[in-house]
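File shown: upload-v5.pdb. Contents: PDB, C-alpha atoms.
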ATOM      1  CA  MET V   1     192.832 180.270  28.722
ATOM      2  CA  HIS V   2     190.917 182.942  26.817
ATOM      3  CA  ALA V   3     189.440 182.319  23.377
ATOM      4  CA  SER V   4     188.834 185.010  20.758
ATOM      5  CA  ARG V   5     189.229 187.877  23.193
ATOM      6  CA  ARG V   6     188.678 191.465  22.161
ATOM      7  CA  THR V   7     188.727 191.204  18.401
ATOM      8  CA  ALA V   8     187.520 194.786  18.563
ATOM      9  CA  LEU V   9     188.513 196.549  21.763
ATOM     10  CA  THR V  10     186.595 199.640  20.756
ATOM     11  CA  LEU V  11     183.413 197.607  21.088
ATOM     12  CA  LEU V  12     184.224 196.943  24.704
ATOM     13  CA  ALA V  13     184.948 200.597  25.349
ATOM     14  CA  ALA V  14     181.493 201.370  24.055
ATOM     15  CA  VAL V  15     180.029 198.659  26.265
ATOM     16  CA  ALA V  16     181.327 200.477  29.314
ATOM     17  CA  ALA V  17     178.847 203.229  28.553
ATOM     18  CA  ALA V  18     175.866 201.190  27.384
ATOM     19  CA  PRO V  19     174.379 197.701  27.795
ATOM     20  CA  VAL V  20     175.906 194.965  25.659
ATOM     21  CA  LEU V  21     173.608 194.200  22.777
ATOM     22  CA  ALA V  22     170.553 195.093  24.824
ATOM     23  CA  ALA V  23     167.717 192.899  23.641
ATOM     24  CA  PRO V  24     164.330 194.332  22.666
ATOM     25  CA  ARG V  25     162.264 194.640  25.814
ATOM     26  CA  ALA V  26     158.577 194.018  26.277
ATOM     27  CA  THR V  27     156.308 196.860  27.309
ATOM     28  CA  ALA V  28     155.530 195.238  30.652
ATOM     29  CA  LEU V  29     158.714 193.816  32.109
ATOM     30  CA  PRO V  30     158.773 191.148  34.797
ATOM     31  CA  ALA V  31     159.540 192.488  38.246
ATOM     32  CA  ALA V  32     163.261 192.802  38.873
ATOM     33  CA  PRO V  33     164.718 190.091  41.113
ATOM     34  CA  THR V  34     164.572 191.063  44.763
ATOM     35  CA  ALA V  35     167.839 189.272  45.485
ATOM     36  CA  ALA V  36     171.176 191.032  45.237
ATOM     37  CA  GLY V  37     172.824 191.192  41.846
ATOM     38  CA  LEU V  38     176.290 189.864  41.075
ATOM     39  CA  ASP V  39     177.613 193.363  41.789
ATOM     40  CA  ASP V  40     176.654 192.965  45.440
ATOM     41  CA  PRO V  41     180.050 192.741  47.220
ATOM     42  CA  ALA V  42     179.386 189.305  48.704
ATOM     43  CA  LYS V  43     178.193 187.910  45.361
ATOM     44  CA  LYS V  44     181.095 189.512  43.519
ATOM     45  CA  GLU V  45     183.517 187.786  45.880
ATOM     46  CA  ILE V  46     181.865 184.464  45.040
ATOM     47  CA  ALA V  47     182.151 185.265  41.335
ATOM     48  CA  MET V  48     185.861 185.982  41.663
ATOM     49  CA  GLN V  49     186.426 182.714  43.515
ATOM     50  CA  LEU V  50     184.480 180.746  40.911
ATOM     51  CA  VAL V  51     186.465 182.250  38.048
ATOM     52  CA  SER V  52     189.739 181.773  39.899
ATOM     53  CA  SER V  53     188.969 178.088  40.421
ATOM     54  CA  ALA V  54     188.832 177.693  36.640
ATOM     55  CA  GLU V  55     191.562 180.145  35.661
ATOM     56  CA  ASN V  56     194.087 179.457  38.412
ATOM     57  CA  SER V  57     192.956 176.263  40.217
ATOM     58  CA  SER V  58     192.576 178.256  43.420
ATOM     59  CA  LEU V  59     189.864 180.125  45.295
ATOM     60  CA  ASP V  60     192.417 182.717  46.409
ATOM     61  CA  TRP V  61     191.944 185.143  43.529
ATOM     62  CA  LYS V  62     193.859 187.923  45.259
ATOM     63  CA  ALA V  63     196.975 185.765  45.137
ATOM     64  CA  GLN V  64     196.870 185.979  41.334
ATOM     65  CA  TYR V  65     197.991 189.599  40.898
ATOM     66  CA  PRO V  66     201.614 188.441  40.308
ATOM     67  CA  TYR V  67     200.670 185.435  38.148
ATOM     68  CA  ILE V  68     202.255 185.443  34.688
ATOM     69  CA  GLU V  69     203.113 182.749  32.145
ATOM     70  CA  ASP V  70     202.799 181.865  28.491
ATOM     71  CA  ILE V  71     200.325 178.978  28.471
ATOM     72  CA  GLY V  72     200.888 178.259  24.793
ATOM     73  CA  ASP V  73     197.472 179.364  23.571
ATOM     74  CA  GLY V  74     198.733 181.797  20.956
ATOM     75  CA  ARG V  75     198.060 184.892  23.078
ATOM     76  CA  GLY V  76     201.538 185.550  24.434
ATOM     77  CA  TYR V  77     201.814 186.152  28.150
ATOM     78  CA  THR V  78     198.732 185.570  30.317
ATOM     79  CA  ALA V  79     198.834 187.360  33.654
ATOM     80  CA  GLY V  80     197.011 188.760  36.641
ATOM     81  CA  ILE V  81     193.642 188.202  38.248
ATOM     82  CA  ILE V  82     191.669 187.813  35.036
ATOM     83  CA  GLY V  83     194.282 186.566  32.587
ATOM     84  CA  PHE V  84     195.284 189.791  30.838
ATOM     85  CA  CYS V  85     197.093 188.791  27.634
ATOM     86  CA  SER V  86     199.955 190.496  25.822
ATOM     87  CA  GLY V  87     198.514 189.383  22.492
ATOM     88  CA  THR V  88     194.933 190.584  22.950
ATOM     89  CA  GLY V  89     195.186 194.221  23.963
ATOM     90  CA  ASP V  90     193.877 194.098  27.506
ATOM     91  CA  MET V  91     197.358 193.789  29.042
ATOM     92  CA  LEU V  92     198.429 196.848  27.056
ATOM     93  CA  ASP V  93     195.389 198.772  28.302
ATOM     94  CA  LEU V  94     196.187 197.735  31.870
ATOM     95  CA  VAL V  95     199.826 198.843  31.727
ATOM     96  CA  GLU V  96     198.787 202.125  30.091
ATOM     97  CA  LEU V  97     196.324 202.764  32.917
ATOM     98  CA  TYR V  98     198.913 201.877  35.561
ATOM     99  CA  THR V  99     201.472 204.164  33.927
ATOM    100  CA  ALA V 100     199.001 207.042  33.769
ATOM    101  CA  ARG V 101     198.497 206.641  37.508
ATOM    102  CA  VAL V 102     202.090 205.800  38.440
ATOM    103  CA  PRO V 103     204.506 207.283  35.871
ATOM    104  CA  GLY V 104     207.900 205.618  35.792
ATOM    105  CA  ASN V 105     206.678 202.282  37.189
ATOM    106  CA  VAL V 106     208.675 199.146  36.414
ATOM    107  CA  LEU V 107     206.351 198.136  33.552
ATOM    108  CA  ALA V 108     206.234 201.501  31.784
ATOM    109  CA  ARG V 109     209.337 200.772  29.718
ATOM    110  CA  TYR V 110     207.604 197.774  28.132
ATOM    111  CA  LEU V 111     204.780 199.824  26.604
ATOM    112  CA  PRO V 112     206.421 200.107  23.161
ATOM    113  CA  ALA V 113     206.962 196.332  23.095
ATOM    114  CA  LEU V 114     203.391 195.638  24.247
ATOM    115  CA  ARG V 115     202.110 197.798  21.409
ATOM    116  CA  ARG V 116     204.264 195.908  18.894
ATOM    117  CA  VAL V 117     203.249 192.415  20.035
ATOM    118  CA  ASP V 118     199.531 193.191  20.328
ATOM    119  CA  GLY V 119     197.663 190.675  18.168
ATOM    120  CA  THR V 120     200.509 188.149  18.225
ATOM    121  CA  ASP V 121     202.054 185.591  20.579
ATOM    122  CA  SER V 122     205.484 187.222  20.345
ATOM    123  CA  HIS V 123     207.647 188.009  23.365
ATOM    124  CA  GLU V 124     209.836 190.400  21.372
ATOM    125  CA  GLY V 125     210.940 193.258  23.580
ATOM    126  CA  LEU V 126     209.427 191.630  26.658
ATOM    127  CA  ASP V 127     211.961 188.916  27.434
ATOM    128  CA  PRO V 128     213.763 188.298  29.619
ATOM    129  CA  GLY V 129     212.740 190.931  32.159
ATOM    130  CA  PHE V 130     208.993 191.377  31.772
ATOM    131  CA  PRO V 131     207.748 188.425  33.904
ATOM    132  CA  GLY V 132     209.931 189.421  36.835
ATOM    133  CA  ASP V 133     208.962 193.061  36.562
ATOM    134  CA  TRP V 134     205.284 192.091  36.401
ATOM    135  CA  ARG V 135     205.682 190.210  39.683
ATOM    136  CA  ARG V 136     207.460 193.203  41.201
ATOM    137  CA  ALA V 137     204.720 195.550  40.049
ATOM    138  CA  ALA V 138     202.116 193.249  41.590
ATOM    139  CA  ARG V 139     203.406 194.183  45.038
ATOM    140  CA  ASP V 140     202.232 197.746  44.386
ATOM    141  CA  ARG V 141     198.676 198.382  45.591
ATOM    142  CA  GLU V 142     198.195 200.819  42.708
ATOM    143  CA  PHE V 143     198.894 198.039  40.208
ATOM    144  CA  GLN V 144     196.481 195.761  42.052
ATOM    145  CA  ARG V 145     193.865 198.516  41.925
ATOM    146  CA  ALA V 146     194.487 198.979  38.200
ATOM    147  CA  GLN V 147     193.921 195.249  37.640
ATOM    148  CA  ASN V 148     190.653 195.442  39.566
ATOM    149  CA  ASP V 149     189.513 198.484  37.640
ATOM    150  CA  GLU V 150     190.266 197.009  34.212
ATOM    151  CA  ARG V 151     188.581 193.745  35.169
ATOM    152  CA  ASP V 152     185.470 195.700  36.053
ATOM    153  CA  ARG V 153     185.538 198.026  33.054
ATOM    154  CA  VAL V 154     186.149 195.411  30.388
ATOM    155  CA  TYR V 155     184.551 192.266  31.794
ATOM    156  CA  PHE V 156     182.551 192.408  35.000
ATOM    157  CA  ASP V 157     180.468 195.557  34.627
ATOM    158  CA  PRO V 158     179.370 194.978  30.996
ATOM    159  CA  ALA V 159     178.450 191.345  31.734
ATOM    160  CA  VAL V 160     176.400 192.234  34.802
ATOM    161  CA  ARG V 161     174.716 195.100  32.972
ATOM    162  CA  GLN V 162     173.690 192.824  30.113
ATOM    163  CA  GLY V 163     172.529 190.123  32.525
ATOM    164  CA  LYS V 164     170.299 192.589  34.334
ATOM    165  CA  ALA V 165     168.971 193.929  31.016
ATOM    166  CA  ASP V 166     168.017 190.357  30.125
ATOM    167  CA  GLY V 167     166.221 189.950  33.457
ATOM    168  CA  LEU V 168     168.658 187.358  34.797
ATOM    169  CA  GLY V 169     169.469 186.702  38.428
ATOM    170  CA  VAL V 170     172.897 186.247  39.982
ATOM    171  CA  LEU V 171     173.685 182.893  38.354
ATOM    172  CA  GLY V 172     172.778 184.182  34.909
ATOM    173  CA  GLN V 173     174.854 187.317  35.410
ATOM    174  CA  PHE V 174     177.754 185.103  36.457
ATOM    175  CA  ALA V 175     177.316 182.874  33.402
ATOM    176  CA  TYR V 176     177.637 185.998  31.256
ATOM    177  CA  TYR V 177     180.698 187.207  33.172
ATOM    178  CA  ASP V 178     182.516 183.887  32.901
ATOM    179  CA  ALA V 179     181.771 183.776  29.172
ATOM    180  CA  VAL V 180     183.142 187.282  28.623
ATOM    181  CA  VAL V 181     186.272 186.403  30.612
ATOM    182  CA  MET V 182     187.021 183.403  28.412
ATOM    183  CA  HIS V 183     185.688 184.483  25.035
ATOM    184  CA  GLY V 184     185.784 188.266  25.031
ATOM    185  CA  ASP V 185     183.108 190.371  23.415
ATOM    186  CA  GLY V 186     184.326 190.720  19.865
ATOM    187  CA  THR V 187     182.498 190.008  16.653
ATOM    188  CA  ASP V 188     183.665 186.453  15.896
ATOM    189  CA  ARG V 189     181.405 183.436  16.206
ATOM    190  CA  THR V 190     182.715 182.317  19.607
ATOM    191  CA  SER V 191     182.580 185.715  21.316
ATOM    192  CA  PHE V 192     180.158 186.406  24.148
ATOM    193  CA  ARG V 193     177.720 188.308  21.973
ATOM    194  CA  SER V 194     177.697 185.487  19.417
ATOM    195  CA  ILE V 195     177.078 182.947  22.179
ATOM    196  CA  ARG V 196     174.188 185.052  23.422
ATOM    197  CA  LYS V 197     172.732 185.356  19.918
ATOM    198  CA  ARG V 198     172.955 181.586  19.529
ATOM    199  CA  ALA V 199     171.032 181.130  22.803
ATOM    200  CA  LEU V 200     168.388 183.662  21.758
ATOM    201  CA  ARG V 201     167.578 181.571  18.707
ATOM    202  CA  ARG V 202     166.446 178.802  21.083
ATOM    203  CA  ALA V 203     164.933 180.604  24.062
ATOM    204  CA  GLN V 204     163.868 183.976  25.357
ATOM    205  CA  PRO V 205     165.339 185.572  28.498
ATOM    206  CA  PRO V 206     163.024 186.711  31.275
ATOM    207  CA  ALA V 207     163.074 190.328  30.028
ATOM    208  CA  GLN V 208     161.382 189.055  26.861
ATOM    209  CA  GLY V 209     158.888 186.920  28.748
ATOM    210  CA  GLY V 210     160.896 183.695  28.741
ATOM    211  CA  ASP V 211     161.638 181.215  31.502
ATOM    212  CA  GLU V 212     164.972 181.888  33.200
ATOM    213  CA  VAL V 213     166.026 178.252  33.610
ATOM    214  CA  THR V 214     165.141 177.395  30.007
ATOM    215  CA  TYR V 215     167.060 180.386  28.716
ATOM    216  CA  LEU V 216     170.130 179.686  30.848
ATOM    217  CA  ASP V 217     170.138 176.086  29.642
ATOM    218  CA  ALA V 218     170.199 177.405  26.085
ATOM    219  CA  PHE V 219     172.958 179.883  26.924
ATOM    220  CA  LEU V 220     175.131 177.242  28.575
ATOM    221  CA  ASP V 221     174.588 174.918  25.598
ATOM    222  CA  ALA V 222     175.763 177.714  23.310
ATOM    223  CA  ARG V 223     178.731 178.363  25.597
ATOM    224  CA  VAL V 224     179.782 174.716  25.499
ATOM    225  CA  TRP V 225     179.557 174.760  21.707
ATOM    226  CA  ALA V 226     181.836 177.806  21.587
ATOM    227  CA  MET V 227     184.364 176.230  23.954
ATOM    228  CA  LYS V 228     184.582 173.106  21.832
ATOM    229  CA  GLN V 229     185.586 175.161  18.807
ATOM    230  CA  GLU V 230     189.031 175.637  20.330
ATOM    231  CA  GLU V 231     191.230 172.795  21.540
ATOM    232  CA  ALA V 232     192.527 174.857  24.470
ATOM    233  CA  HIS V 233     188.994 175.017  25.874
ATOM    234  CA  SER V 234     187.653 171.614  24.916
ATOM    235  CA  ASP V 235     187.330 170.699  28.615
ATOM    236  CA  THR V 236     183.939 172.206  29.398
ATOM    237  CA  SER V 237     183.804 171.297  33.084
ATOM    238  CA  ARG V 238     183.634 174.942  34.187
ATOM    239  CA  VAL V 239     180.135 174.778  32.690
ATOM    240  CA  ASP V 240     179.194 171.107  33.011
ATOM    241  CA  THR V 241     180.221 170.475  36.626
ATOM    242  CA  ALA V 242     179.931 174.008  37.946
ATOM    243  CA  GLN V 243     177.393 176.421  36.419
ATOM    244  CA  ARG V 244     175.130 173.634  35.173
ATOM    245  CA  VAL V 245     175.153 172.072  38.644
ATOM    246  CA  PHE V 246     173.940 175.309  40.225
ATOM    247  CA  LEU V 247     171.252 175.625  37.551
ATOM    248  CA  ARG V 248     169.974 172.084  38.107
ATOM    249  CA  GLU V 249     169.828 172.761  41.830
ATOM    250  CA  GLY V 250     167.679 175.816  41.127
ATOM    251  CA  ASN V 251     170.264 178.025  42.790
ATOM    252  CA  LEU V 252     169.655 181.074  40.601
ATOM    253  CA  ASN V 253     170.920 183.367  43.356
ATOM    254  CA  LEU V 254     174.246 181.555  43.886
ATOM    255  CA  ASP V 255     173.483 181.092  47.545
ATOM    256  CA  THR V 256     176.065 179.278  49.617
ATOM    257  CA  PRO V 257     177.062 176.590  50.284
ATOM    258  CA  LEU V 258     178.376 175.935  46.783
ATOM    259  CA  ASP V 259     180.107 172.744  45.690
ATOM    260  CA  TRP V 260     181.522 172.249  42.195
ATOM    261  CA  ARG V 261     184.300 170.664  40.174
ATOM    262  CA  VAL V 262     186.534 172.215  37.518
ATOM    263  CA  TYR V 263     189.128 170.309  35.509
ATOM    264  CA  GLY V 264     188.863 167.406  37.955
ATOM    265  CA  ASP V 265     189.375 169.445  41.127
ATOM    266  CA  SER V 266     186.674 169.908  43.769
ATOM    267  CA  TYR V 267     185.851 173.249  45.398
ATOM    268  CA  HIS V 268     183.579 174.438  48.187
ATOM    269  CA  ILE V 269     182.375 177.812  49.386
ATOM    270  CA  GLY V 270     180.586 177.536  52.712
TER
END

Could you spell out this file's structure in structure tokens?
Amino acid sequence: MHASRRTALTLLAAVAAAPVLAAPRATALPAAPTAAGLDDPAKKEIAMQLVSSAENSSLDWKAQYPYIEDIGDGRGYTAGIIGFCSGTGDMLDLVELYTARVPGNVLARYLPALRRVDGTDSHEGLDPGFPGDWRRAARDREFQRAQNDERDRVYFDPAVRQGKADGLGVLGQFAYYDAVVMHGDGTDRTSFRSIRKRALRRAQPPAQGGDEVTYLDAFLDARVWAMKQEEAHSDTSRVDTAQRVFLREGNLNLDTPLDWRVYGDSYHIG
């Protein structure tokens, strides 16, 4: 579900305090979009539904707190609202945060095992009880809040910040967010920042005087290229029949109604 995530988690921690790879900015910047950004509550809800349609085949993203399975992608267990993975560090960070807030919770005893399996697909020390305990923890509002907070810290907030720095509207900010969710923001060639660099070689974002549609086309082309580098993500419909559809319609603000298809399934937000 998630390719090349967090090859360097310290990079993401730094991102929480500063824009991701902020591009050089012209002296006279274009006027900021007057429409709400993706961090507007209504737009953020749309973003969560769009991601959930691709990650969980459902618009009901809040039903995904208890989700957990090994999808066979080499990242161990994938779980929760954004696909936290036992093999990529973000699940460990989440359980550490939850335990700091709720000492003695049902997942706290798995912290040593999560530290050992980080970077692998191993279940050692997690089976057989971890999936059931994850689902039990998901009934706790504090665990749900921790999932929300880690989603925002690691994925949503940095993506939106970089999108705004590049002068992008809501659709562009969402394209960044979805890319960070799937690819992470490490240093490898299929990470978000590498995808963005690839797009910048072809087009300039609005903050550098470029045309927004032209730049987003280049970014989505780069995203599709990155997805095709890994068999698990070779189906690029979350770009081709979703984000690209909105771009062709000129819906840079992600205004409803929205109709799209992902992995053969149709979705609608009215």

Translate the PyMOL selection byres ((chain V and resi 58) around 12) into a concrete residue list for this structure, as an NGL selection string.
:V and (48-57 or 59-64 or 81 or 261-263 or 265-269)

Residue by residue, what does the PyMOL selection byres ((chain V and resi 140) around 12) grab here? Present the result as a list in words.
Tyr65, Pro66, Tyr98, Arg101, Val102, Asn105, Val106, Leu107, Asp133, Trp134, Arg135, Arg136, Ala137, Ala138, Arg139, Arg141, Glu142, Phe143, Gln144, Arg145, Ala146 and Gln147 of chain V

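Our summary of the geometry notes that CA of Arg223 in chain V is positioned 22.1 Å from CA of Asp39 in chain V.
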
Distance in Å - CA of Gly72 in chain V versus CA of Arg115 in chain V
19.9 Å

What residues come out when you apply the PyMOL selection byres ((chain V and resi 68) around 10) to this file, written as number ranges by chain?
V: 64-67, 69-71, 77-81, 83-85, 130-132, 134-135

Using all atoms listed in the file, what does the table of range 123-204 of chain V residues within 9 Å of range 242-245 of chain V look like, with each row giving the shortest atom pair and its distance in Å to one decimal, sorted by chain and ascending number, as JSON lines?
{"residue": "V:Leu171", "atom": "CA", "partner": "V:Gln243", "partner_atom": "CA", "distance": 7.7}
{"residue": "V:Phe174", "atom": "CA", "partner": "V:Gln243", "partner_atom": "CA", "distance": 8.7}
{"residue": "V:Ala175", "atom": "CA", "partner": "V:Gln243", "partner_atom": "CA", "distance": 7.1}

Each side padded by 8 Å, which centre and which edge lengths in Å (one decimal) define the axis-aligned box around the listed atoms of range 67-86 of chain V? Give them as lines of an AutoDock Vina configuration file.
center_x = 197.4
center_y = 184.4
center_z = 29.6
size_x = 27.4
size_y = 28.2
size_z = 33.3

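Note that CA of Gly74 in chain V and CA of Arg238 in chain V are 21.2 Å apart.
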
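The residue that comes closest to Thr236 in chain V, out of V:Leu252, V:Met182, V:Met91, V:Leu111 and on the basis of all atoms listed in the file, is V:Met182.
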
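Using only C-alpha atoms, the protein and nucleic acid residues lying at most 9 Å from the point (175.9, 188.0, 35.2) are V:Gly37, V:Leu38, V:Asp39, V:Phe156, V:Asp157, V:Pro158, V:Ala159, V:Val160, V:Arg161, V:Gln162, V:Gly163, V:Lys164, V:Leu168, V:Gly169, V:Val170, V:Leu171, V:Gly172, V:Gln173, V:Phe174, V:Ala175, V:Tyr176, V:Tyr177, V:Asp178.
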
Find the residues near Ala207 in chain V: any atom within 6 Å, counting only C-alpha atoms, skip ones fewer than 2 places away on the same chain, and give them as a CSV table (one decimal) with C-alpha atoms, in the frame of the given file.
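So around35.csv came out as:
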chain,number,residue,atom,x,y,z
V,29,LEU,CA,158.7,193.8,32.1
V,166,ASP,CA,168.0,190.4,30.1
V,167,GLY,CA,166.2,190.0,33.5
V,205,PRO,CA,165.3,185.6,28.5
V,209,GLY,CA,158.9,186.9,28.7

Restrict the output to range 113-207 of chain V and C-alpha atoms, then write it as a PDB file, in the first residue's frame.
ATOM      1  CA  ALA V 113       8.858  -5.939  19.379  1.00  0.00           C
ATOM      2  CA  LEU V 114       7.938  -2.941  17.206  1.00  0.00           C
ATOM      3  CA  ARG V 115      11.434  -1.567  17.709  1.00  0.00           C
ATOM      4  CA  ARG V 116      12.975  -4.911  16.715  1.00  0.00           C
ATOM      5  CA  VAL V 117      10.904  -5.385  13.549  1.00  0.00           C
ATOM      6  CA  ASP V 118      11.274  -1.796  12.327  1.00  0.00           C
ATOM      7  CA  GLY V 119      12.716  -1.928   8.808  1.00  0.00           C
ATOM      8  CA  THR V 120      11.557  -5.503   8.206  1.00  0.00           C
ATOM      9  CA  ASP V 121       8.363  -7.408   7.405  1.00  0.00           C
ATOM     10  CA  SER V 122       8.730  -9.618  10.481  1.00  0.00           C
ATOM     11  CA  HIS V 123       5.899 -10.323  12.912  1.00  0.00           C
ATOM     12  CA  GLU V 124       8.297 -11.572  15.588  1.00  0.00           C
ATOM     13  CA  GLY V 125       7.000 -10.621  19.005  1.00  0.00           C
ATOM     14  CA  LEU V 126       3.747  -9.316  17.546  1.00  0.00           C
ATOM     15  CA  ASP V 127       1.885 -12.531  16.784  1.00  0.00           C
ATOM     16  CA  PRO V 128      -0.564 -13.795  17.684  1.00  0.00           C
ATOM     17  CA  GLY V 129      -2.016 -11.060  19.884  1.00  0.00           C
ATOM     18  CA  PHE V 130      -1.106  -7.772  18.226  1.00  0.00           C
ATOM     19  CA  PRO V 131      -3.915  -7.550  15.605  1.00  0.00           C
ATOM     20  CA  GLY V 132      -6.598  -8.197  18.199  1.00  0.00           C
ATOM     21  CA  ASP V 133      -5.085  -5.751  20.647  1.00  0.00           C
ATOM     22  CA  TRP V 134      -4.844  -3.123  17.903  1.00  0.00           C
ATOM     23  CA  ARG V 135      -8.575  -3.505  17.270  1.00  0.00           C
ATOM     24  CA  ARG V 136      -9.251  -3.237  20.998  1.00  0.00           C
ATOM     25  CA  ALA V 137      -7.128  -0.112  21.267  1.00  0.00           C
ATOM     26  CA  ALA V 138      -9.028   1.417  18.350  1.00  0.00           C
ATOM     27  CA  ARG V 139     -12.121   1.629  20.542  1.00  0.00           C
ATOM     28  CA  ASP V 140     -10.254   4.117  22.738  1.00  0.00           C
ATOM     29  CA  ARG V 141     -10.806   7.734  21.684  1.00  0.00           C
ATOM     30  CA  GLU V 142      -7.266   8.547  22.820  1.00  0.00           C
ATOM     31  CA  PHE V 143      -5.864   6.029  20.339  1.00  0.00           C
ATOM     32  CA  GLN V 144      -8.062   7.482  17.607  1.00  0.00           C
ATOM     33  CA  ARG V 145      -6.789  10.951  18.501  1.00  0.00           C
ATOM     34  CA  ALA V 146      -3.199   9.696  18.394  1.00  0.00           C
ATOM     35  CA  GLN V 147      -3.789   8.300  14.894  1.00  0.00           C
ATOM     36  CA  ASN V 148      -5.192  11.649  13.780  1.00  0.00           C
ATOM     37  CA  ASP V 149      -2.292  13.543  15.284  1.00  0.00           C
ATOM     38  CA  GLU V 150       0.392  11.352  13.708  1.00  0.00           C
ATOM     39  CA  ARG V 151      -1.360  11.505  10.344  1.00  0.00           C
ATOM     40  CA  ASP V 152      -1.240  15.277  10.541  1.00  0.00           C
ATOM     41  CA  ARG V 153       2.315  15.543  11.845  1.00  0.00           C
ATOM     42  CA  VAL V 154       3.935  13.134   9.418  1.00  0.00           C
ATOM     43  CA  TYR V 155       1.788  13.382   6.296  1.00  0.00           C
ATOM     44  CA  PHE V 156      -0.973  15.956   6.076  1.00  0.00           C
ATOM     45  CA  ASP V 157       0.598  19.093   7.518  1.00  0.00           C
ATOM     46  CA  PRO V 158       3.956  18.837   5.679  1.00  0.00           C
ATOM     47  CA  ALA V 159       2.211  18.115   2.359  1.00  0.00           C
ATOM     48  CA  VAL V 160      -0.178  21.043   2.700  1.00  0.00           C
ATOM     49  CA  ARG V 161       2.633  23.342   3.798  1.00  0.00           C
ATOM     50  CA  GLN V 162       4.720  22.430   0.761  1.00  0.00           C
ATOM     51  CA  GLY V 163       1.718  22.769  -1.549  1.00  0.00           C
ATOM     52  CA  LYS V 164       1.032  26.265  -0.272  1.00  0.00           C
ATOM     53  CA  ALA V 165       4.727  27.175  -0.575  1.00  0.00           C
ATOM     54  CA  ASP V 166       4.540  26.098  -4.218  1.00  0.00           C
ATOM     55  CA  GLY V 167       1.464  28.275  -4.758  1.00  0.00           C
ATOM     56  CA  LEU V 168      -0.881  25.341  -5.346  1.00  0.00           C
ATOM     57  CA  GLY V 169      -4.598  25.267  -4.677  1.00  0.00           C
ATOM     58  CA  VAL V 170      -6.576  22.540  -2.937  1.00  0.00           C
ATOM     59  CA  LEU V 171      -6.186  19.900  -5.657  1.00  0.00           C
ATOM     60  CA  GLY V 172      -2.434  20.397  -5.813  1.00  0.00           C
ATOM     61  CA  GLN V 173      -2.139  20.221  -2.035  1.00  0.00           C
ATOM     62  CA  PHE V 174      -4.138  16.996  -2.134  1.00  0.00           C
ATOM     63  CA  ALA V 175      -1.916  15.558  -4.870  1.00  0.00           C
ATOM     64  CA  TYR V 176       1.059  16.196  -2.588  1.00  0.00           C
ATOM     65  CA  TYR V 177      -0.694  14.647   0.416  1.00  0.00           C
ATOM     66  CA  ASP V 178      -1.684  11.491  -1.446  1.00  0.00           C
ATOM     67  CA  ALA V 179       1.876  11.128  -2.736  1.00  0.00           C
ATOM     68  CA  VAL V 180       3.354  11.457   0.753  1.00  0.00           C
ATOM     69  CA  VAL V 181       0.864   8.896   2.083  1.00  0.00           C
ATOM     70  CA  MET V 182       1.909   6.309  -0.489  1.00  0.00           C
ATOM     71  CA  HIS V 183       5.577   7.088  -1.023  1.00  0.00           C
ATOM     72  CA  GLY V 184       6.766   8.764   2.153  1.00  0.00           C
ATOM     73  CA  ASP V 185       9.243  11.605   2.155  1.00  0.00           C
ATOM     74  CA  GLY V 186      12.568   9.836   2.300  1.00  0.00           C
ATOM     75  CA  THR V 187      15.568  10.243   0.064  1.00  0.00           C
ATOM     76  CA  ASP V 188      15.033   7.409  -2.435  1.00  0.00           C
ATOM     77  CA  ARG V 189      14.030   8.001  -6.035  1.00  0.00           C
ATOM     78  CA  THR V 190      10.330   7.229  -5.539  1.00  0.00           C
ATOM     79  CA  SER V 191       9.807   9.357  -2.426  1.00  0.00           C
ATOM     80  CA  PHE V 192       7.617  12.449  -2.494  1.00  0.00           C
ATOM     81  CA  ARG V 193      10.531  14.851  -2.658  1.00  0.00           C
ATOM     82  CA  SER V 194      12.051  12.913  -5.560  1.00  0.00           C
ATOM     83  CA  ILE V 195       8.712  12.955  -7.380  1.00  0.00           C
ATOM     84  CA  ARG V 196       8.517  16.700  -6.866  1.00  0.00           C
ATOM     85  CA  LYS V 197      12.072  17.190  -8.134  1.00  0.00           C
ATOM     86  CA  ARG V 198      11.223  15.149 -11.220  1.00  0.00           C
ATOM     87  CA  ALA V 199       8.201  17.396 -11.880  1.00  0.00           C
ATOM     88  CA  LEU V 200      10.271  20.553 -11.385  1.00  0.00           C
ATOM     89  CA  ARG V 201      12.573  19.496 -14.199  1.00  0.00           C
ATOM     90  CA  ARG V 202       9.580  19.769 -16.557  1.00  0.00           C
ATOM     91  CA  ALA V 203       7.505  22.645 -15.202  1.00  0.00           C
ATOM     92  CA  GLN V 204       7.465  25.444 -12.684  1.00  0.00           C
ATOM     93  CA  PRO V 205       4.850  25.733  -9.917  1.00  0.00           C
ATOM     94  CA  PRO V 206       2.842  28.929  -9.569  1.00  0.00           C
ATOM     95  CA  ALA V 207       5.155  30.253  -6.825  1.00  0.00           C
TER      96      ALA V 207
END
